[in-house]
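Participant: So here's data.txt, just compact mmCIF, C-alpha atoms:
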# COMPACT_ATOMS: atom_id res chain seq x y z
CA MET A 1 19.04 5.30 -14.41
CA ASN A 2 16.19 7.75 -14.08
CA VAL A 3 16.76 11.48 -14.13
CA THR A 4 15.90 13.36 -10.97
CA PRO A 5 13.78 16.38 -11.85
CA ALA A 6 14.80 19.54 -10.02
CA LEU A 7 12.42 20.88 -7.43
CA ALA A 8 10.68 24.06 -8.56
CA ALA A 9 12.43 27.29 -7.59
CA GLY A 10 11.49 28.48 -4.13
CA TYR A 11 10.94 25.01 -2.67
CA GLU A 12 13.17 22.66 -0.70
CA LEU A 13 12.96 19.03 0.35
CA SER A 14 13.73 17.73 3.82
CA THR A 15 13.71 14.37 5.59
CA ASP A 16 13.91 16.05 9.01
CA PRO A 17 10.96 14.60 10.97
CA GLY A 18 10.98 17.70 13.15
CA ARG A 19 9.89 19.82 10.19
CA VAL A 20 6.77 17.78 9.38
CA ASP A 21 3.65 19.84 10.03
CA ALA A 22 1.70 16.91 11.47
CA GLU A 23 -1.52 18.93 11.81
CA ARG A 24 -1.41 19.96 8.14
CA VAL A 25 -0.51 16.46 6.95
CA HIS A 26 -3.38 15.01 8.97
CA ARG A 27 -5.82 17.57 7.57
CA TRP A 28 -4.71 16.91 4.00
CA LEU A 29 -4.94 13.16 4.28
CA SER A 30 -8.01 12.77 6.47
CA THR A 31 -10.14 15.22 4.47
CA ASP A 32 -8.82 15.11 0.89
CA ALA A 33 -6.98 11.83 0.20
CA TYR A 34 -9.27 8.97 -0.88
CA TRP A 35 -7.07 6.37 0.82
CA ALA A 36 -7.03 8.09 4.23
CA LEU A 37 -10.40 9.83 4.56
CA GLY A 38 -11.38 10.00 8.20
CA ARG A 39 -8.03 8.76 9.48
CA GLU A 40 -7.70 9.66 13.13
CA ARG A 41 -4.99 12.13 14.15
CA GLU A 42 -3.47 9.71 16.68
CA LYS A 43 -3.16 7.04 13.98
CA GLN A 44 -1.56 9.54 11.59
CA ASP A 45 0.90 10.62 14.28
CA ARG A 46 1.89 6.97 14.87
CA ALA A 47 2.33 6.49 11.11
CA ILE A 48 4.61 9.53 10.92
CA ALA A 49 6.62 8.37 13.94
CA GLY A 50 7.18 4.91 12.48
CA SER A 51 8.13 6.03 8.97
CA LEU A 52 10.77 7.80 6.95
CA ASN A 53 9.17 11.17 6.15
CA PHE A 54 9.74 13.52 3.24
CA GLY A 55 8.45 17.06 3.15
CA VAL A 56 8.60 19.83 0.57
CA TYR A 57 8.62 23.35 1.99
CA ASP A 58 8.21 26.86 0.65
CA VAL A 59 11.63 28.47 1.21
CA ALA A 60 10.24 31.94 1.89
CA SER A 61 7.54 31.00 4.40
CA GLY A 62 8.76 27.62 5.65
CA GLU A 63 5.24 26.28 5.04
CA GLN A 64 4.96 22.61 4.12
CA VAL A 65 3.46 22.12 0.66
CA ALA A 66 3.89 18.36 0.07
CA TYR A 67 4.43 15.15 1.97
CA ALA A 68 5.35 11.51 1.45
CA ARG A 69 6.24 8.73 3.82
CA VAL A 70 8.02 5.45 3.41
CA VAL A 71 7.70 2.30 5.49
CA THR A 72 10.94 0.38 5.08
CA ASP A 73 13.41 -2.00 6.67
CA ARG A 74 16.19 -0.08 4.82
CA ALA A 75 17.53 -3.41 3.53
CA THR A 76 15.13 -5.24 1.22
CA PHE A 77 11.76 -3.50 0.94
CA ALA A 78 9.96 -0.16 1.01
CA TRP A 79 6.38 0.95 0.68
CA LEU A 80 5.79 4.50 -0.53
CA CYS A 81 2.54 5.91 0.82
CA ASP A 82 0.63 9.04 1.80
CA VAL A 83 2.04 11.08 -1.07
CA TYR A 84 0.21 14.40 -1.13
CA VAL A 85 0.78 17.78 -2.77
CA ASP A 86 -1.18 20.80 -1.59
CA PRO A 87 -3.71 21.76 -4.30
CA ALA A 88 -2.37 25.35 -4.29
CA VAL A 89 1.00 24.22 -5.69
CA ARG A 90 -0.01 21.35 -7.97
CA GLY A 91 1.13 21.56 -11.57
CA LYS A 92 4.67 22.71 -10.69
CA GLY A 93 6.24 19.25 -10.81
CA ILE A 94 6.56 19.09 -7.03
CA GLY A 95 4.99 15.63 -6.81
CA THR A 96 7.30 14.17 -9.45
CA SER A 97 10.35 15.77 -7.81
CA LEU A 98 9.27 14.51 -4.39
CA VAL A 99 8.85 10.92 -5.57
CA ALA A 100 12.17 11.04 -7.44
CA ALA A 101 13.87 12.31 -4.27
CA VAL A 102 12.37 9.42 -2.31
CA ARG A 103 13.67 6.96 -4.94
CA ASP A 104 17.13 8.52 -4.88
CA HIS A 105 17.26 8.60 -1.08
CA LEU A 106 16.45 4.88 -0.89
CA ARG A 107 18.68 3.72 -3.77
CA PRO A 108 21.86 3.36 -1.65
CA PHE A 109 20.13 0.88 0.68
CA GLY A 110 20.10 -1.74 -2.10
CA LEU A 111 16.40 -2.50 -1.71
CA ARG A 112 14.94 -5.25 -3.85
CA ARG A 113 11.73 -3.29 -4.47
CA MET A 114 9.62 -0.35 -3.49
CA LEU A 115 5.86 -0.64 -3.89
CA LEU A 116 2.99 1.80 -3.87
CA ALA A 117 -0.69 1.81 -4.69
CA THR A 118 -2.54 4.52 -6.60
CA GLN A 119 -5.91 4.91 -8.25
CA ASP A 120 -5.14 7.94 -10.34
CA ALA A 121 -1.48 9.03 -10.39
CA HIS A 122 0.18 6.32 -12.46
CA GLY A 123 1.72 8.90 -14.79
CA VAL A 124 3.53 10.69 -11.94
CA TYR A 125 5.09 7.47 -10.71
CA GLU A 126 5.96 6.13 -14.17
CA LYS A 127 8.06 9.27 -14.77
CA VAL A 128 10.44 8.16 -12.03
CA GLY A 129 10.59 4.47 -12.92
CA PHE A 130 7.60 2.77 -11.29
CA GLU A 131 5.76 0.24 -13.41
CA ALA A 132 2.81 -2.08 -13.00
CA LEU A 133 3.53 -5.38 -11.27
CA GLU A 134 4.71 -7.96 -13.77
CA ASP A 135 2.74 -10.71 -12.06
CA PRO A 136 0.20 -9.23 -9.64
CA GLY A 137 -1.15 -12.73 -9.02
CA LEU A 138 1.88 -13.39 -6.81
CA TRP A 139 0.85 -10.69 -4.35
CA MET A 140 -1.68 -11.00 -1.57
CA ALA A 141 -2.97 -8.64 1.09
CA LEU A 142 -4.55 -9.05 4.49
CA ILE A 143 -7.11 -6.27 4.90
CA PHE A 144 -7.86 -5.98 8.62
CA GLU A 145 -10.84 -3.65 8.12
CA LYS A 146 -12.72 -6.48 6.36
CA PHE A 147 -12.80 -8.51 9.57
CA SER A 148 -14.89 -7.58 12.56
CA VAL A 149 -13.51 -8.58 15.90
CA SER A 150 -16.04 -9.28 18.61
CA THR A 151 -15.01 -9.24 22.21
CA PRO A 152 -16.84 -11.06 24.99
Kindly transcribe the structure held in the file into C-alpha cells.
Facilitator:
Amino acid sequence: MNVTPALAAGYELSTDPGRVDAERVHRWLSTDAYWALGREREKQDRAIAGSLNFGVYDVASGEQVAYARVVTDRATFAWLCDVYVDPAVRGKGIGTSLVAAVRDHLRPFGLRRMLLATQDAHGVYEKVGFEALEDPGLWMALIFEKFSVSTP
C-alpha cells in the first residue's frame, strides 16, 4: 500500500464540484497545458460536468491552486486527466498529494485499473504507485482529431 503524502500546510482538498473555479481551470489548461492548448471553454465545462473533480484550495483565500479530474464508471476503470498545479505553488508537493488523494478516493470502488498519460511527470505519478504499462502493445486508441469529417 502506498503512503498518502500530507497536503502542505495551508491547503485543503475538495471533491465538491461547486468549488471548482471553472474559469481558472480553463485558463490554466487552454494556455499552459500541452495536452489542452486552445481547448474551448464550452468543451472544458462539459468535461468538468461529466467528471469527478478534485481541487486543492488555499485555506486563507479560498483560491484554487490545483486541479485534477477523473473519468470513471466507478466500477472497473478510471482515467486520470487534466492534472494541473498553479506555477506559483509548485515545489510544495501539492501535485503528489493531489494524485495520492485521487488514488485513495477511488480505491474503495474496486477498480481494475486507472490510467493516465504524461510526457514529463512520470516521477510524480510513480511516487503514488503508477507504473509504465506492462504490455503497451495491447492498448489502442481512436484519435478523432486525425479524421476529417466532410459534410455534404
Participant: For a quick check of understanding, using all atoms listed in the file, which of A:Leu7, A:Val83, A:Ala68, A:Ala88 has the smallest distance to A:Tyr34?
Facilitator: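 Checking each of A:Leu7, A:Val83, A:Ala68, A:Ala88 against A:Tyr34, counting all atoms listed in the file, the winner is A:Val83.
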Participant: With distances taken over only C-alpha atoms, which of A:Tyr11, A:Phe77, A:Trp35, A:Trp28 is nearest to A:Gly55?
Facilitator: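 Looking at the shortest contact to A:Gly55, the residue is A:Tyr11.
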Participant: Could you check the closest approach to A:Phe109 for each of A:Ile94, A:Met140, A:Ala75, A:Ala121 and tell me which residue wins, using only C-alpha atoms?
Facilitator: A:Ala75
Participant: Work out how far apart atom CA of A:Val56 and atom CA of A:Glu40 are and give it in Å to one decimal.
Facilitator: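 Computing it gives 23.0 Å between the two atoms.
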Participant: Go ahead and compute the interatomic distance for atom CA of A:Leu115 and atom CA of A:Trp139, in Å to one decimal.
Facilitator: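 According to the coordinates, atom CA of A:Leu115 and atom CA of A:Trp139 are separated by 11.2 Å.
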Participant: When you count all atoms listed in the file, which of these residues is closest to A:Ala100: A:Ala22, A:Val128, A:Ala9, A:Leu116?
Facilitator: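 Of the candidates, the smallest distance to A:Ala100 is held by A:Val128.
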Participant: Between A:Val89, A:Ser97, A:Asp21, A:Val102, which has the minimum distance to A:Arg69 (counting only C-alpha atoms)?
Facilitator: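 With only C-alpha atoms as the atom set, the closest residue is A:Val102.
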Participant: Using only C-alpha atoms, find the one residue out of A:Asp58, A:Arg39, A:Ala33, A:Val65 that sits nearest to A:Arg90.
Facilitator: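 Checking each of A:Asp58, A:Arg39, A:Ala33, A:Val65 against A:Arg90, counting only C-alpha atoms, the winner is A:Val65.
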Participant: To one decimal in Å, tell me the separation between atom CA of A:Pro108 and atom CA of A:Arg74.
Facilitator: 9.3 Å
Participant: At a cut-off of 9 Å, using only C-alpha atoms, what residues contact A:Val124? Leave out same-chain residues fewer than 5 positions from it and give the result as an mmCIF file with C-alpha atoms, in the coordinates of the input.
Facilitator:
data_model
loop_
_atom_site.group_PDB
_atom_site.id
_atom_site.type_symbol
_atom_site.label_atom_id
_atom_site.label_comp_id
_atom_site.auth_asym_id
_atom_site.auth_seq_id
_atom_site.Cartn_x
_atom_site.Cartn_y
_atom_site.Cartn_z
ATOM 1 C CA GLY A 95 4.990 15.630 -6.810
ATOM 2 C CA THR A 96 7.300 14.170 -9.450
ATOM 3 C CA VAL A 99 8.850 10.920 -5.570
ATOM 4 C CA PHE A 130 7.600 2.770 -11.290
#
Participant: Can you tell me, as a ChimeraX atom specification, what residues are no more than 10 Å from A:Pro17 when counting all atoms listed in the file, ignoring any on the same chain fewer than 5 positions away?
Facilitator: /A:22,48-49,51-55
Participant: To box stretch 104-122 of chain A, take all atoms listed in the file, fit an axis-aligned box, add 4 Å on each side, and give centre and edge lengths in Å to one decimal, as lines of an AutoDock Vina configuration file.
Facilitator:
center_x = 8.0
center_y = 1.9
center_z = -5.9
size_x = 35.8
size_y = 22.3
size_z = 21.1
Participant: I'd like the contact shell of A:Ala117 - 10 Å cut-off, only C-alpha atoms, skipping same-chain residues fewer than 6 positions apart - returned as a list in words.
Facilitator: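 In the requested format, the answer is Trp35, Trp79, Leu80, Cys81, Asp82 and Ala132 of chain A.
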